[in-house]
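Next up, data_10.tsv (TSV, C-alpha atoms):
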```tsv
chain	number	residue	atom	x	y	z
T	1	MET	CA	10.25	-12.99	-23.80
T	2	LYS	CA	8.81	-10.94	-20.98
T	3	ARG	CA	9.42	-7.23	-21.31
T	4	ARG	CA	11.30	-5.40	-18.56
T	5	VAL	CA	9.27	-2.98	-16.43
T	6	VAL	CA	10.53	0.09	-14.61
T	7	ILE	CA	9.04	2.64	-12.23
T	8	THR	CA	9.08	6.23	-13.50
T	9	GLY	CA	6.62	8.03	-11.22
T	10	MET	CA	5.18	7.85	-7.72
T	11	GLY	CA	2.48	9.64	-5.76
T	12	ALA	CA	1.27	9.37	-2.19
T	13	VAL	CA	-1.40	10.62	0.19
T	14	THR	CA	-0.69	9.39	3.72
T	15	PRO	CA	-1.20	10.12	7.43
T	16	ILE	CA	2.26	11.75	7.56
T	17	GLY	CA	2.21	13.69	4.31
T	18	ASN	CA	-0.10	14.37	1.37
T	19	THR	CA	2.57	14.36	-1.32
T	20	LEU	CA	5.48	12.05	-2.07
T	21	ASP	CA	8.06	14.47	-0.67
T	22	GLU	CA	6.04	15.22	2.46
T	23	PHE	CA	5.53	11.50	3.05
T	24	TRP	CA	9.19	10.57	2.57
T	25	ASN	CA	10.35	13.45	4.78
T	26	GLY	CA	7.91	12.18	7.41
T	27	ILE	CA	9.42	8.72	7.14
T	28	LYS	CA	12.94	10.08	7.63
T	29	GLU	CA	11.76	12.17	10.58
T	30	GLU	CA	10.22	8.98	12.04
T	31	LYS	CA	6.95	10.84	12.30
T	32	VAL	CA	4.00	8.89	13.72
T	33	GLY	CA	0.72	9.85	12.02
T	34	ILE	CA	-1.58	8.26	14.59
T	35	GLY	CA	-4.00	10.25	16.75
T	36	ALA	CA	-7.54	10.59	18.02
T	37	ILE	CA	-10.28	9.73	15.54
T	38	THR	CA	-11.93	12.93	14.29
T	39	LYS	CA	-14.22	11.47	11.63
T	40	PHE	CA	-16.93	10.34	14.07
T	41	ASP	CA	-17.80	10.34	17.76
T	42	THR	CA	-15.94	7.48	19.46
T	43	GLU	CA	-17.54	7.83	22.89
T	44	ASP	CA	-19.05	4.33	22.73
T	45	TYR	CA	-16.04	2.78	21.02
T	46	LYS	CA	-13.24	0.83	22.64
T	47	VAL	CA	-10.82	1.98	19.92
T	48	LYS	CA	-10.46	5.74	19.74
T	49	ILE	CA	-7.35	6.27	17.59
T	50	ALA	CA	-6.51	5.90	13.92
T	51	ALA	CA	-4.04	7.11	11.32
T	52	GLU	CA	-6.07	9.73	9.48
T	53	VAL	CA	-4.96	11.78	6.49
T	54	LYS	CA	-4.62	15.37	7.71
T	55	ASP	CA	-5.15	18.72	5.98
T	56	PHE	CA	-6.02	17.23	2.60
T	57	ASN	CA	-7.43	20.17	0.65
T	58	VAL	CA	-9.43	18.59	-2.12
T	59	LYS	CA	-10.01	21.95	-3.86
T	60	GLU	CA	-6.26	22.40	-4.28
T	61	ARG	CA	-5.70	18.90	-5.62
T	62	LEU	CA	-8.76	18.17	-7.79
T	63	ASP	CA	-11.39	19.86	-9.89
T	64	ASN	CA	-14.12	20.80	-7.41
T	65	LYS	CA	-17.07	19.65	-9.54
T	66	ALA	CA	-15.47	16.27	-10.26
T	67	ALA	CA	-14.43	15.82	-6.62
T	68	ARG	CA	-18.03	16.19	-5.44
T	69	ARG	CA	-18.86	13.07	-7.44
T	70	MET	CA	-16.11	11.05	-5.76
T	71	GLU	CA	-15.90	9.31	-2.41
T	72	VAL	CA	-12.80	10.22	-0.43
T	73	PHE	CA	-10.95	7.03	-1.43
T	74	SER	CA	-11.33	8.03	-5.08
T	75	GLN	CA	-10.18	11.59	-4.34
T	76	TYR	CA	-7.01	10.24	-2.74
T	77	ALA	CA	-6.40	7.96	-5.72
T	78	VAL	CA	-6.77	10.77	-8.25
T	79	ALA	CA	-4.50	13.09	-6.26
T	80	ALA	CA	-1.77	10.43	-5.93
T	81	SER	CA	-2.13	9.47	-9.60
T	82	ARG	CA	-1.78	13.06	-10.77
T	83	GLU	CA	1.41	13.38	-8.75
T	84	ALA	CA	2.83	10.12	-10.10
T	85	PHE	CA	1.85	11.02	-13.66
T	86	ALA	CA	3.53	14.43	-13.39
T	87	MET	CA	6.66	12.93	-11.87
T	88	ALA	CA	6.89	10.49	-14.77
T	89	GLY	CA	6.68	13.38	-17.22
T	90	LEU	CA	4.02	11.69	-19.32
T	91	ASP	CA	2.20	13.61	-22.04
T	92	MET	CA	-0.99	11.89	-23.18
T	93	GLU	CA	-0.91	13.82	-26.44
T	94	LYS	CA	2.23	11.86	-27.30
T	95	GLU	CA	0.90	8.50	-26.08
T	96	ASP	CA	-1.52	6.01	-27.58
T	97	PRO	CA	-4.21	6.26	-24.86
T	98	TYR	CA	-5.19	2.64	-25.45
T	99	ARG	CA	-1.68	1.60	-24.37
T	100	VAL	CA	-1.93	3.44	-21.04
T	101	GLY	CA	-3.97	1.68	-18.36
T	102	VAL	CA	-4.97	1.81	-14.71
T	103	ILE	CA	-5.17	-0.85	-11.99
T	104	ILE	CA	-5.92	0.81	-8.67
T	105	GLY	CA	-7.79	-1.15	-6.02
T	106	SER	CA	-9.51	-0.50	-2.73
T	107	GLY	CA	-10.05	-3.14	-0.10
T	108	ILE	CA	-13.33	-1.69	1.16
T	109	GLY	CA	-14.41	1.13	-1.17
T	110	GLY	CA	-16.95	3.77	-0.23
T	111	LEU	CA	-18.09	2.50	3.14
T	112	SER	CA	-18.74	6.02	4.41
T	113	SER	CA	-21.33	6.68	1.70
T	114	MET	CA	-22.94	3.33	2.34
T	115	GLU	CA	-23.33	4.08	6.05
T	116	LYS	CA	-24.66	7.59	5.40
T	117	GLU	CA	-27.26	6.48	2.86
T	118	HIS	CA	-28.34	3.49	4.93
T	119	GLU	CA	-29.10	5.88	7.76
T	120	LYS	CA	-31.35	7.80	5.36
T	121	ILE	CA	-33.29	4.63	4.61
T	122	ILE	CA	-33.85	4.06	8.30
T	123	THR	CA	-34.80	7.65	9.15
T	124	LYS	CA	-36.31	9.08	5.96
T	125	GLY	CA	-37.10	6.15	3.69
T	126	PRO	CA	-35.56	4.68	0.51
T	127	LYS	CA	-36.63	7.52	-1.76
T	128	ARG	CA	-34.16	9.82	-0.02
T	129	VAL	CA	-31.11	7.73	-0.93
T	130	SER	CA	-28.70	9.61	-3.21
T	131	PRO	CA	-28.68	8.50	-6.86
T	132	MET	CA	-24.91	8.83	-6.62
T	133	LEU	CA	-24.60	6.17	-3.91
T	134	ILE	CA	-23.54	3.33	-6.20
T	135	PRO	CA	-20.96	5.34	-8.21
T	136	LEU	CA	-19.58	6.69	-4.94
T	137	MET	CA	-19.49	3.34	-3.18
T	138	ILE	CA	-18.17	0.67	-5.53
T	139	SER	CA	-14.45	0.04	-5.26
T	140	ASN	CA	-13.63	0.13	-8.99
T	141	MET	CA	-14.45	3.84	-9.09
T	142	ALA	CA	-10.95	4.80	-7.96
T	143	ALA	CA	-9.52	3.29	-11.14
T	144	GLY	CA	-12.36	4.66	-13.23
T	145	ASN	CA	-11.97	8.20	-11.92
T	146	VAL	CA	-8.21	8.13	-12.46
T	147	ALA	CA	-8.67	6.93	-16.04
T	148	ILE	CA	-11.20	9.70	-16.72
T	149	ASP	CA	-9.01	12.36	-15.10
T	150	LEU	CA	-5.86	11.46	-17.02
T	151	GLY	CA	-7.35	10.11	-20.26
T	152	CYS	CA	-6.11	6.53	-19.89
T	153	LYS	CA	-8.11	4.34	-22.29
T	154	GLY	CA	-6.22	1.08	-21.93
T	155	LYS	CA	-6.80	-1.78	-19.52
T	156	CYS	CA	-8.64	-0.40	-16.48
T	157	THR	CA	-9.47	-2.76	-13.62
T	158	ASP	CA	-9.26	-2.99	-9.88
T	159	VAL	CA	-8.11	-5.74	-7.56
T	160	VAL	CA	-9.75	-6.43	-4.20
T	161	THR	CA	-7.67	-8.70	-1.97
T	162	ALA	CA	-8.11	-7.00	1.40
T	163	CYS	CA	-4.75	-5.84	2.76
T	164	ALA	CA	-2.89	-7.23	-0.27
T	165	THR	CA	-4.90	-5.09	-2.70
T	166	GLY	CA	-2.22	-2.49	-3.47
T	167	SER	CA	0.50	-5.07	-4.07
T	168	ASN	CA	-1.70	-7.35	-6.18
T	169	SER	CA	-2.78	-4.32	-8.24
T	170	ILE	CA	0.83	-3.43	-8.95
T	171	GLY	CA	1.64	-7.07	-9.67
T	172	ASP	CA	-1.20	-7.36	-12.18
T	173	ALA	CA	-0.11	-4.11	-13.82
T	174	LEU	CA	3.41	-5.51	-14.07
T	175	ARG	CA	2.03	-8.54	-15.92
T	176	ALA	CA	-0.01	-6.33	-18.26
T	177	ILE	CA	3.16	-4.58	-19.42
T	178	GLN	CA	5.39	-7.66	-19.41
T	179	TYR	CA	3.11	-9.50	-21.80
T	180	GLY	CA	2.23	-6.62	-24.08
T	181	ASP	CA	-1.24	-5.51	-22.96
T	182	ALA	CA	0.05	-2.03	-22.19
T	183	ASP	CA	3.15	0.15	-22.31
T	184	VAL	CA	2.30	2.29	-19.27
T	185	MET	CA	0.19	1.49	-16.21
T	186	LEU	CA	-0.80	3.55	-13.20
T	187	ALA	CA	-1.08	1.08	-10.36
T	188	GLY	CA	-1.63	1.03	-6.63
T	189	GLY	CA	-4.22	1.16	-3.89
T	190	THR	CA	-6.41	3.60	-2.01
T	191	GLU	CA	-8.54	3.54	1.11
T	192	SER	CA	-10.64	5.77	3.35
T	193	SER	CA	-12.63	3.59	5.72
T	194	ILE	CA	-12.15	5.10	9.15
T	195	THR	CA	-15.89	4.84	9.76
T	196	PRO	CA	-18.12	3.60	12.59
T	197	VAL	CA	-18.84	0.26	10.92
T	198	ALA	CA	-15.22	-0.46	9.98
T	199	VAL	CA	-13.82	0.47	13.38
T	200	ALA	CA	-16.53	-1.50	15.21
T	201	GLY	CA	-16.09	-4.50	12.93
T	202	PHE	CA	-12.31	-4.66	13.18
T	203	THR	CA	-12.50	-4.01	16.93
T	204	ASN	CA	-14.90	-6.87	17.53
T	205	LEU	CA	-12.69	-9.09	15.41
T	206	THR	CA	-9.98	-8.22	17.99
T	207	ALA	CA	-7.75	-6.98	15.15
T	208	LEU	CA	-7.28	-3.36	16.28
T	209	SER	CA	-4.97	-1.99	18.94
T	210	SER	CA	-6.91	-0.50	21.86
T	211	GLU	CA	-3.86	1.38	23.14
T	212	SER	CA	-4.66	5.04	23.84
T	213	ASP	CA	-1.09	6.35	23.43
T	214	PRO	CA	-0.52	6.99	19.71
T	215	LEU	CA	3.21	6.35	20.10
T	216	ARG	CA	2.58	2.91	21.63
T	217	ALA	CA	-0.34	1.81	19.48
T	218	SER	CA	1.38	0.40	16.39
T	219	LEU	CA	4.26	-1.82	17.54
T	220	PRO	CA	5.02	-4.39	14.84
T	221	PHE	CA	6.97	-7.43	16.09
T	222	ASP	CA	7.14	-6.03	19.63
T	223	GLU	CA	6.30	-8.17	22.64
T	224	ALA	CA	3.74	-5.52	23.61
T	225	ARG	CA	1.97	-5.48	20.24
T	226	GLY	CA	-1.79	-5.65	20.50
T	227	GLY	CA	-3.23	-5.17	17.03
T	228	PHE	CA	-3.07	-2.80	14.09
T	229	VAL	CA	-4.08	0.84	13.80
T	230	ILE	CA	-6.54	1.52	10.99
T	231	GLY	CA	-5.28	4.11	8.53
T	232	GLU	CA	-6.16	5.73	5.22
T	233	GLY	CA	-4.48	7.14	2.14
T	234	ALA	CA	-3.31	6.19	-1.34
T	235	GLY	CA	-0.18	5.14	-3.17
T	236	VAL	CA	0.22	5.06	-6.95
T	237	VAL	CA	3.21	4.21	-9.12
T	238	VAL	CA	3.74	4.62	-12.84
T	239	LEU	CA	5.01	1.38	-14.35
T	240	GLU	CA	6.49	1.55	-17.79
T	241	GLU	CA	8.00	-0.81	-20.33
T	242	LEU	CA	11.74	-0.19	-20.28
T	243	GLU	CA	12.26	0.70	-23.95
T	244	HIS	CA	9.22	2.98	-23.90
T	245	ALA	CA	10.66	4.84	-20.91
T	246	LYS	CA	14.12	5.12	-22.48
T	247	LYS	CA	12.74	6.32	-25.80
T	248	ARG	CA	11.02	9.30	-24.19
T	249	GLY	CA	13.96	10.05	-21.89
T	250	ALA	CA	12.16	9.28	-18.65
T	251	LYS	CA	14.02	9.20	-15.36
T	252	ILE	CA	14.01	5.58	-14.19
T	253	LEU	CA	13.61	5.27	-10.43
T	254	ALA	CA	13.94	1.49	-10.11
T	255	GLU	CA	13.08	-1.77	-11.85
T	256	LEU	CA	10.11	-3.86	-10.78
T	257	ALA	CA	11.66	-7.25	-11.43
T	258	GLY	CA	9.60	-9.85	-9.59
T	259	TYR	CA	6.13	-10.65	-8.33
T	260	GLY	CA	4.81	-13.58	-6.35
T	261	SER	CA	1.18	-14.19	-5.46
T	262	THR	CA	-0.19	-17.14	-3.48
T	263	CYS	CA	-3.04	-18.14	-1.20
T	264	ASP	CA	-2.70	-19.84	2.18
T	265	ALA	CA	-6.04	-21.66	1.73
T	266	PHE	CA	-5.98	-21.95	5.50
T	267	HIS	CA	-8.17	-19.44	7.38
T	268	ILE	CA	-10.15	-16.31	6.54
T	269	THR	CA	-8.20	-14.03	8.89
T	270	SER	CA	-5.09	-15.87	10.12
T	271	PRO	CA	-2.06	-16.49	7.91
T	272	ALA	CA	-0.78	-20.05	7.64
T	273	GLU	CA	1.01	-20.77	10.91
T	274	ASP	CA	4.16	-22.11	9.24
T	275	GLY	CA	4.38	-19.12	6.90
T	276	SER	CA	4.41	-21.38	3.85
T	277	GLY	CA	2.11	-19.27	1.67
T	278	ALA	CA	3.93	-15.99	2.25
T	279	ALA	CA	7.28	-17.77	1.88
T	280	LYS	CA	6.24	-19.11	-1.52
T	281	ALA	CA	5.22	-15.63	-2.68
T	282	MET	CA	8.69	-14.32	-1.78
T	283	GLU	CA	10.35	-17.29	-3.46
T	284	LEU	CA	8.36	-16.72	-6.66
T	285	ALA	CA	9.30	-13.02	-6.71
T	286	MET	CA	12.99	-13.85	-6.28
T	287	GLU	CA	12.83	-16.59	-8.91
T	288	GLU	CA	11.26	-14.28	-11.48
T	289	ALA	CA	13.83	-11.57	-10.78
T	290	GLY	CA	16.74	-14.00	-10.94
T	291	VAL	CA	17.74	-12.96	-7.42
T	292	LYS	CA	19.23	-15.23	-4.76
T	293	PRO	CA	18.16	-14.88	-1.11
T	294	GLU	CA	21.56	-13.56	-0.09
T	295	GLU	CA	21.22	-10.70	-2.60
T	296	VAL	CA	18.13	-9.18	-0.92
T	297	ASP	CA	19.12	-6.24	1.27
T	298	TYR	CA	15.81	-5.28	2.85
T	299	ILE	CA	12.25	-6.48	3.32
T	300	ASN	CA	9.48	-3.99	3.90
T	301	ALA	CA	7.30	-6.23	6.05
T	302	HIS	CA	3.55	-6.48	6.10
T	303	GLY	CA	4.18	-6.09	9.85
T	304	THR	CA	0.75	-5.10	11.12
T	305	GLY	CA	1.35	-5.37	14.86
T	306	THR	CA	-1.07	-8.25	15.34
T	307	HIS	CA	0.32	-11.24	17.23
T	308	HIS	CA	-0.24	-13.93	14.61
T	309	ASN	CA	0.64	-11.87	11.54
T	310	ASP	CA	4.04	-10.75	12.83
T	311	LEU	CA	5.00	-14.17	14.14
T	312	PHE	CA	3.92	-16.04	11.01
T	313	GLU	CA	5.52	-13.50	8.66
T	314	THR	CA	8.78	-13.96	10.56
T	315	ARG	CA	8.47	-17.71	10.05
T	316	ALA	CA	7.78	-17.11	6.36
T	317	VAL	CA	10.96	-15.07	5.94
T	318	ARG	CA	13.02	-17.74	7.68
T	319	ARG	CA	11.43	-20.40	5.46
T	320	ALA	CA	12.13	-18.47	2.24
T	321	PHE	CA	15.59	-17.17	3.09
T	322	GLY	CA	17.16	-19.86	5.24
T	323	GLU	CA	20.48	-18.73	6.72
T	324	SER	CA	20.31	-15.51	4.70
T	325	ALA	CA	17.44	-14.33	6.93
T	326	ASP	CA	19.99	-13.48	9.62
T	327	HIS	CA	21.63	-10.92	7.33
T	328	LEU	CA	18.44	-9.13	6.24
T	329	LYS	CA	17.08	-5.83	7.40
T	330	MET	CA	13.29	-5.88	7.84
T	331	SER	CA	11.07	-3.06	9.07
T	332	SER	CA	7.43	-2.07	9.07
T	333	THR	CA	6.22	1.26	7.71
T	334	LYS	CA	2.95	0.64	9.58
T	335	SER	CA	4.77	1.61	12.76
T	336	MET	CA	4.44	5.21	11.54
T	337	ILE	CA	1.36	5.34	9.32
T	338	GLY	CA	-0.80	2.54	10.67
T	339	HIS	CA	-2.40	0.05	8.32
T	340	LEU	CA	-3.73	1.63	5.15
T	341	LEU	CA	-5.57	-1.59	4.25
T	342	GLY	CA	-5.94	-1.68	0.44
T	343	ALA	CA	-3.45	1.16	0.03
T	344	ALA	CA	-0.76	-0.32	2.28
T	345	GLY	CA	1.17	-2.36	-0.28
T	346	ALA	CA	1.39	0.50	-2.76
T	347	VAL	CA	2.57	3.06	-0.22
T	348	GLU	CA	5.09	0.56	1.13
T	349	LEU	CA	6.46	-0.16	-2.36
T	350	ILE	CA	7.10	3.57	-2.66
T	351	VAL	CA	9.16	3.33	0.54
T	352	CYS	CA	11.15	0.50	-1.05
T	353	VAL	CA	11.97	2.60	-4.12
T	354	LYS	CA	13.05	5.55	-1.97
T	355	SER	CA	15.20	3.21	0.14
T	356	ILE	CA	17.04	2.17	-3.02
T	357	GLU	CA	17.37	5.77	-4.23
T	358	GLU	CA	18.74	7.13	-0.97
T	359	GLY	CA	20.39	4.12	0.68
T	360	TYR	CA	18.15	4.57	3.68
T	361	ILE	CA	16.26	1.92	5.67
T	362	HIS	CA	13.77	3.30	8.14
T	363	PRO	CA	13.34	1.73	11.57
T	364	THR	CA	10.28	0.01	12.98
T	365	VAL	CA	9.45	3.05	15.07
T	366	GLY	CA	8.39	2.40	18.65
T	367	THR	CA	9.36	-1.26	18.66
T	368	THR	CA	12.03	-1.97	21.28
T	369	ASN	CA	11.59	-5.54	22.44
T	370	PRO	CA	10.74	-8.14	19.77
T	371	GLY	CA	8.28	-10.77	20.96
T	372	GLU	CA	8.79	-14.50	21.29
T	373	GLY	CA	9.56	-16.06	17.91
T	374	CYS	CA	10.20	-12.67	16.32
T	375	ASP	CA	13.93	-13.14	15.87
T	376	LEU	CA	14.92	-11.11	12.81
T	377	ASP	CA	16.59	-7.71	12.46
T	378	TYR	CA	13.60	-5.36	12.60
T	379	VAL	CA	15.79	-2.22	12.57
T	380	ILE	CA	14.78	-1.18	16.09
T	381	ASN	CA	17.84	0.89	16.98
T	382	GLY	CA	17.36	3.73	14.53
T	383	ALA	CA	17.59	4.08	10.76
T	384	VAL	CA	20.30	2.33	8.77
T	385	GLU	CA	22.18	4.04	5.97
T	386	GLN	CA	23.69	1.55	3.54
T	387	GLU	CA	23.66	0.72	-0.14
T	388	VAL	CA	20.32	-0.86	-1.02
T	389	ASN	CA	20.09	-2.75	-4.30
T	390	VAL	CA	17.31	-5.32	-3.90
T	391	VAL	CA	14.14	-4.99	-1.82
T	392	ILE	CA	11.03	-7.09	-1.27
T	393	SER	CA	7.70	-5.67	-0.15
T	394	ASN	CA	5.23	-8.08	1.47
T	395	SER	CA	1.47	-7.79	1.77
T	396	LEU	CA	-0.78	-10.37	3.45
T	397	GLY	CA	-4.55	-10.04	3.30
T	398	PHE	CA	-7.59	-11.54	4.99
T	399	GLY	CA	-8.68	-14.51	2.92
T	400	GLY	CA	-5.13	-15.86	2.81
T	401	HIS	CA	-3.89	-13.57	0.04
T	402	ASN	CA	-0.09	-13.19	-0.13
T	403	ALA	CA	1.70	-10.80	-2.47
T	404	SER	CA	5.41	-10.03	-2.73
T	405	LEU	CA	6.93	-7.43	-5.02
T	406	LEU	CA	10.67	-7.34	-5.72
T	407	VAL	CA	12.17	-4.05	-6.80
T	408	LYS	CA	15.82	-3.47	-7.57
T	409	LYS	CA	18.22	-0.73	-8.56
T	410	TYR	CA	17.97	-0.17	-12.30
T	411	GLU	CA	20.90	-1.29	-14.42
T	412	GLU	CA	21.15	-1.34	-18.21
```

Target encoding structure tokens, full file:
Amino acid sequence: MKRRVVITGMGAVTPIGNTLDEFWNGIKEEKVGIGAITKFDTEDYKVKIAAEVKDFNVKERLDNKAARRMEVFSQYAVAASREAFAMAGLDMEKEDPYRVGVIIGSGIGGLSSMEKEHEKIITKGPKRVSPMLIPLMISNMAAGNVAIDLGCKGKCTDVVTACATGSNSIGDALRAIQYGDADVMLAGGTESSITPVAVAGFTNLTALSSESDPLRASLPFDEARGGFVIGEGAGVVVLEELEHAKKRGAKILAELAGYGSTCDAFHITSPAEDGSGAAKAMELAMEEAGVKPEEVDYINAHGTGTHHNDLFETRAVRRAFGESADHLKMSSTKSMIGHLLGAAGAVELIVCVKSIEEGYIHPTVGTTNPGEGCDLDYVINGAVEQEVNVVISNSLGFGGHNASLLVKKYEE
């Protein structure tokens, strides 16, 4: 028998707030965290905007000596993990540390350090490269730093599946608890890759929006959509085996009841045109949770604002839900915070949990006129307040990776 898994803590660092409360208040205020890139000179760049994390004071959030040995993506992960850990009320002195694990991934890792040190090779020679480059750069260091910071000695891995990284990390952590590898897992994603190479690469792939108006740049499902806005941040949740959570009197926020993971095996950047892979991921999540399509209240869409992604995700929902698709609410958090790449799925799952807690479904901000073939209810006329019991969060990554997480209101 698979063990039931609940969510008992959450932490977030985002372009509209550097704590969970700040982030959620930003969501309810429909705040758009997109603006001019400040991390490098964009004079020669077609794309000049991004969704940067703002006013993150690392000295207030982390030990200064430890932070100096972390790339920014790891700093975000540790800050979000500390917040989630505190919210869950965990005390490692009362836990078996080998039963507490970490799966936090990053789609790109420490690209900034790589660029900086490569420049040193070109200008000063290889002997000037920092001995800390590799520990700063490699993507597993977010999970490693979190484990060190909090004393988690159990399963510690990271998942790298591009834009599905955060969701796949949470899904793998779910499995670790369900099948007895751990009792508690910190899981999620983190990213900080608003760098010259990343922006140039995504731009030349024609994936990024070149819109100069921050309020018109990220328009998921809209006829005027022209690509995604690169963002940064971290999202971490504490997953816990139900009886373990109850025994210590933890506040249960929601139950993570289903997970589906598939591959399109179609194209390295485009989702399958018929939406079959993403549809199957949603179907698997519903099947595991014992939920029928008509019972799902809301889908937090991958919804990047690229033409193909939004159209094919819409087709996927119609394929998975049939007639029930017409009764769903579906919106994209990326309309406010841009695309956090490897962190996106984790931050968006946090939105799903808050939607259940507060009976609040945020709109797809800025979207007013859904494009051809985008024929679902994208919540474009303002937020919806209603009872929310069952939610699916979708993440679709380059390489054909599809991940769907199903979270529902906790019941005994």

- Task: For atom CA of T:Tyr98 and atom CA of T:Ala147, quote the distance in Å rounded to one decimal.
- Result: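 Atom CA of T:Tyr98 sits 10.9 Å away from atom CA of T:Ala147.
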
- Message: For a quick check of understanding, using all atoms listed in the file, which of T:Cys156, T:Ile16, T:Val407, T:Val53 has the smallest distance to T:Ile103?
- Response: T:Cys156

- Task: May I have the residues within 8 Å of stretch 261-274 of chain T as a list in words, using all atoms listed in the file and disregarding those fewer than 6 positions away in the same chain?
- Result: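 Skipping anything fewer than 6 positions along the chain leaves Asn168, Lys280, Ala281, Leu284, His308, Asn309, Phe312, Arg315, Ala316, Leu396, Gly397, Phe398, Gly399, Gly400, His401, Asn402, Ala403 and Ser404 of chain T.
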
- Query: Which of these residues is nearest to T:Asn369, using all atoms listed in the file: T:Val160, T:Ala325, T:Leu219, T:Ile138?
  - Reply: T:Leu219

- Task: Can you pull out every residue within 10 Å of T:His327, counting all atoms listed in the file, but drop anything in the same chain fewer than 4 positions away, and send it as a VMD selection string?
- Result: chain T and resid 293 to 298 321 323 376 to 377

So that I can look at just that part, could you write stretch 148-192 of chain T with C-alpha atoms, as an mmCIF file, in the first residue's frame?
```cif
data_model
loop_
_atom_site.group_PDB
_atom_site.id
_atom_site.type_symbol
_atom_site.label_atom_id
_atom_site.label_comp_id
_atom_site.auth_asym_id
_atom_site.auth_seq_id
_atom_site.Cartn_x
_atom_site.Cartn_y
_atom_site.Cartn_z
ATOM 1 C CA ILE T 148 23.877 20.797 4.718
ATOM 2 C CA ASP T 149 22.006 23.854 5.998
ATOM 3 C CA LEU T 150 19.150 21.902 7.559
ATOM 4 C CA GLY T 151 20.908 18.638 8.453
ATOM 5 C CA CYS T 152 18.928 16.384 6.112
ATOM 6 C CA LYS T 153 20.860 13.112 5.735
ATOM 7 C CA GLY T 154 18.321 11.079 3.786
ATOM 8 C CA LYS T 155 17.866 10.747 0.051
ATOM 9 C CA CYS T 156 19.356 13.847 -1.596
ATOM 10 C CA THR T 157 19.160 14.180 -5.380
ATOM 11 C CA ASP T 158 18.228 16.660 -8.039
ATOM 12 C CA VAL T 159 16.154 16.362 -11.175
ATOM 13 C CA VAL T 160 16.978 18.226 -14.383
ATOM 14 C CA THR T 161 14.112 18.215 -16.889
ATOM 15 C CA ALA T 162 14.259 21.789 -18.160
ATOM 16 C CA CYS T 163 11.007 23.617 -17.399
ATOM 17 C CA ALA T 164 9.493 20.513 -15.762
ATOM 18 C CA THR T 165 12.296 20.291 -13.191
ATOM 19 C CA GLY T 166 10.373 21.629 -10.182
ATOM 20 C CA SER T 167 7.359 19.409 -10.779
ATOM 21 C CA ASN T 168 9.409 16.281 -11.478
ATOM 22 C CA SER T 169 11.431 16.953 -8.307
ATOM 23 C CA ILE T 170 8.259 17.132 -6.243
ATOM 24 C CA GLY T 171 6.888 14.053 -7.992
ATOM 25 C CA ASP T 172 10.024 12.044 -7.246
ATOM 26 C CA ALA T 173 9.924 13.205 -3.620
ATOM 27 C CA LEU T 174 6.300 12.076 -3.446
ATOM 28 C CA ARG T 175 7.358 8.604 -4.604
ATOM 29 C CA ALA T 176 10.198 8.496 -2.056
ATOM 30 C CA ILE T 177 7.707 8.956 0.771
ATOM 31 C CA GLN T 178 4.937 6.807 -0.711
ATOM 32 C CA TYR T 179 7.208 3.790 -0.937
ATOM 33 C CA GLY T 180 9.052 4.215 2.336
ATOM 34 C CA ASP T 181 12.405 5.743 1.382
ATOM 35 C CA ALA T 182 11.718 8.774 3.556
ATOM 36 C CA ASP T 183 9.184 10.273 5.956
ATOM 37 C CA VAL T 184 9.871 13.921 5.093
ATOM 38 C CA MET T 185 11.184 15.484 1.889
ATOM 39 C CA LEU T 186 12.002 19.054 0.951
ATOM 40 C CA ALA T 187 11.253 19.309 -2.738
ATOM 41 C CA GLY T 188 11.091 21.898 -5.481
ATOM 42 C CA GLY T 189 13.104 23.894 -7.964
ATOM 43 C CA THR T 190 15.357 26.915 -8.189
ATOM 44 C CA GLU T 191 16.830 29.056 -10.943
ATOM 45 C CA SER T 192 18.885 32.181 -11.536
#
```
